[in-house]
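Enquirer: Can you read through this structure? Questions will come right after.
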Amino acid sequence: MQDTFKIETPEQLKAMSDSRRLELVKQLVEQKMTVAQLAEAVGEDKSKLYYHLKELETHGLIEVVETRQKGNLLEKLYGASARHYTVDRSLFRHEHGMEMVSASVNSLLDSAAAEVNRLAVAGVDPAEVDAKLLQFHHLVRISPSRREEFGERIRALLEEFRVEELDDPQDLYTWTMVLCPRPDAD
């Protein structure tokens, strides 16, 4: 698995802009899985995942890392192509660039909201969630060169806190961040 995958085509961005596919990629960044394991992890019927996995694989966002014989069938083990995914800025200049970027951001935000909603469905105590949930929305003034530095430092911080094996599954957190320029400068 490479460290960073750069999304360079509109087709790759479109494939990753579906919240279900984004969830599949997030699962595969954590560990290699079969379709059955993925279906259980995301709470979907496995028959609904084949199309999405094929789209992700076709565009290089995930890969088949192992194929095993299981009875008369070949079972595929999927893995993410990278630990981190970034979007090539040239996609902003594409004819439908802002629509694609907007869809991608909406997918990220939908995925984050779905994580919080899973807590409610699981019946987790709201006081416990409140004690562990961090949410921020800030307006910052930052130069282009400092923005690059900020992104690098955030990635380094995430990598520093990344734990390969968890003692307790409840120690797994999701984090979503969008740093976006504002159209108004005041």
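Letters for chains follow the order of the structure tokens (A, B, ...), residue numbers begin at 1 for each chain, and ligand numbers begin at 1 in the order shown.
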Excluding Ser107 in chain A and its own-chain neighbours fewer than 6 positions away, which residues fall within 8 Å of it when counting only C-alpha atoms? Please give them as a PyMOL selection string.
Expert: chain A and resi 17-19+22
Enquirer: Could you turn the residues from that selection into a file that holds C-alpha atoms, as a PDB file, in the first residue's frame?
Expert:
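Done, and the output landed in again-v5.pdb:
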ATOM      1  CA  SER A  17     -17.455  10.954  -4.170  1.00  0.00           C
ATOM      2  CA  ASP A  18     -20.052   8.334  -3.312  1.00  0.00           C
ATOM      3  CA  SER A  19     -20.445   8.068   0.475  1.00  0.00           C
ATOM      4  CA  LEU A  22     -15.831   6.304   0.636  1.00  0.00           C
TER       5      LEU A  22
END
Enquirer: Which neighbours of Arg155 in chain A fall inside 12 Å, counting only C-alpha atoms, when residues of the same chain fewer than 6 positions from it are skipped, and could you give them as a tab-separated table (two decimals) with C-alpha atoms, in the first residue's frame?
Expert:
chain	number	residue	atom	x	y	z
A	3	ASP	CA	1.36	6.28	1.43
A	4	THR	CA	-0.57	8.77	-0.74
A	83	ARG	CA	-3.26	5.28	3.42
A	84	HIS	CA	-4.17	8.80	2.30
A	85	TYR	CA	-5.99	10.16	-0.73
A	86	THR	CA	-5.56	13.69	-2.07
A	148	GLU	CA	0.66	23.69	2.44
A	149	GLU	CA	2.60	23.54	5.70
A	161	PHE	CA	-1.46	9.08	16.41
A	162	ARG	CA	-2.20	6.19	14.07
A	175	TRP	CA	-11.89	12.39	11.70
A	177	MET	CA	-11.53	17.86	7.91
Enquirer: So that I can see what lies close to range 40-43 of chain A, please list as a compact mmCIF listing (two decimals) with N, CA and C atoms, in the first residue's frame the residues with an atom at most 9 Å from it, counting only C-alpha atoms and leaving out residues fewer than 6 positions away in the same chain.
Expert:
# COMPACT_ATOMS: atom_id res chain seq x y z
N ARG A 20 -20.99 5.71 0.07
CA ARG A 20 -20.85 4.27 0.32
C ARG A 20 -19.45 3.82 -0.08
N GLU A 23 -16.85 4.97 2.39
CA GLU A 23 -16.86 4.12 3.58
C GLU A 23 -16.10 2.82 3.32
N LEU A 24 -16.27 2.25 2.14
CA LEU A 24 -15.54 1.03 1.79
C LEU A 24 -14.03 1.28 1.79
N GLN A 27 -12.68 1.56 5.31
CA GLN A 27 -12.53 0.23 5.93
C GLN A 27 -11.27 -0.46 5.41
Enquirer: I want to know what sits within 10 Å of Glu57 in chain A, based on only C-alpha atoms, with residues of the same chain fewer than 3 positions away left out; could you give that as a list of chain:residue names?
Expert: A:Ala15, A:Tyr51, A:His52, A:Leu53, A:Lys54, A:Gly60, A:Leu61, A:Ile62, A:Glu63, A:Val64, A:Tyr78, A:Gly79, A:Ala80, A:Ser81
Enquirer: Kindly export the residues of the current selection with N, CA and C atoms, as an mmCIF file, in the first residue's frame.
Expert:
data_model
loop_
_atom_site.group_PDB
_atom_site.id
_atom_site.type_symbol
_atom_site.label_atom_id
_atom_site.label_comp_id
_atom_site.auth_asym_id
_atom_site.auth_seq_id
_atom_site.Cartn_x
_atom_site.Cartn_y
_atom_site.Cartn_z
ATOM 1 N N ALA A 15 -15.809 8.454 -8.596
ATOM 2 C CA ALA A 15 -15.875 7.153 -7.924
ATOM 3 C C ALA A 15 -15.722 7.303 -6.414
ATOM 4 N N TYR A 51 -20.721 -3.875 -7.263
ATOM 5 C CA TYR A 51 -20.633 -2.787 -8.244
ATOM 6 C C TYR A 51 -19.702 -1.687 -7.742
ATOM 7 N N HIS A 52 -19.860 -1.305 -6.473
ATOM 8 C CA HIS A 52 -19.053 -0.222 -5.911
ATOM 9 C C HIS A 52 -17.577 -0.618 -5.823
ATOM 10 N N LEU A 53 -17.316 -1.850 -5.444
ATOM 11 C CA LEU A 53 -15.929 -2.317 -5.390
ATOM 12 C C LEU A 53 -15.306 -2.334 -6.781
ATOM 13 N N LYS A 54 -16.074 -2.742 -7.780
ATOM 14 C CA LYS A 54 -15.559 -2.767 -9.154
ATOM 15 C C LYS A 54 -15.220 -1.353 -9.625
ATOM 16 N N GLY A 60 -8.423 2.436 -9.727
ATOM 17 C CA GLY A 60 -7.176 2.322 -8.987
ATOM 18 C C GLY A 60 -7.239 2.760 -7.538
ATOM 19 N N LEU A 61 -8.429 2.969 -7.002
ATOM 20 C CA LEU A 61 -8.575 3.463 -5.633
ATOM 21 C C LEU A 61 -8.453 2.349 -4.597
ATOM 22 N N ILE A 62 -8.769 1.128 -5.008
ATOM 23 C CA ILE A 62 -8.539 -0.066 -4.198
ATOM 24 C C ILE A 62 -7.937 -1.110 -5.115
ATOM 25 N N GLU A 63 -7.458 -2.203 -4.531
ATOM 26 C CA GLU A 63 -6.876 -3.259 -5.344
ATOM 27 C C GLU A 63 -7.145 -4.620 -4.717
ATOM 28 N N VAL A 64 -7.123 -5.630 -5.551
ATOM 29 C CA VAL A 64 -7.213 -7.001 -5.057
ATOM 30 C C VAL A 64 -5.808 -7.369 -4.602
ATOM 31 N N TYR A 78 -9.573 -7.543 -0.665
ATOM 32 C CA TYR A 78 -9.351 -6.181 -1.153
ATOM 33 C C TYR A 78 -8.550 -5.370 -0.144
ATOM 34 N N GLY A 79 -7.798 -4.420 -0.660
ATOM 35 C CA GLY A 79 -7.074 -3.475 0.179
ATOM 36 C C GLY A 79 -7.107 -2.104 -0.467
ATOM 37 N N ALA A 80 -6.920 -1.084 0.344
ATOM 38 C CA ALA A 80 -6.850 0.279 -0.182
ATOM 39 C C ALA A 80 -5.550 0.435 -0.962
ATOM 40 N N SER A 81 -5.558 1.313 -1.934
ATOM 41 C CA SER A 81 -4.344 1.578 -2.706
ATOM 42 C C SER A 81 -3.361 2.434 -1.925
#
Enquirer: Using only C-alpha atoms, which protein or nucleic acid residues come within 10 Å of Val116 in chain A? Drop anything in the same chain fewer than 5 positions from it, and give the result as a list in words.
Expert: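 What passes the distance filter is Asp110, Ser111, Val121, Val129, Leu133 and Thr174 of chain A.
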Enquirer: Save the residues we just selected, C-alpha atoms, as a JSON list (two decimals), in the first residue's frame?
Expert:
[["chain", "number", "residue", "atom", "x", "y", "z"],
["A", 110, "ASP", "CA", -22.19, 12.58, 4.82],
["A", 111, "SER", "CA", -19.74, 9.91, 5.89],
["A", 121, "VAL", "CA", -28.62, 3.58, 16.33],
["A", 129, "VAL", "CA", -20.60, 10.64, 23.10],
["A", 133, "LEU", "CA", -16.80, 13.99, 20.47],
["A", 174, "THR", "CA", -13.08, 8.90, 12.59]]
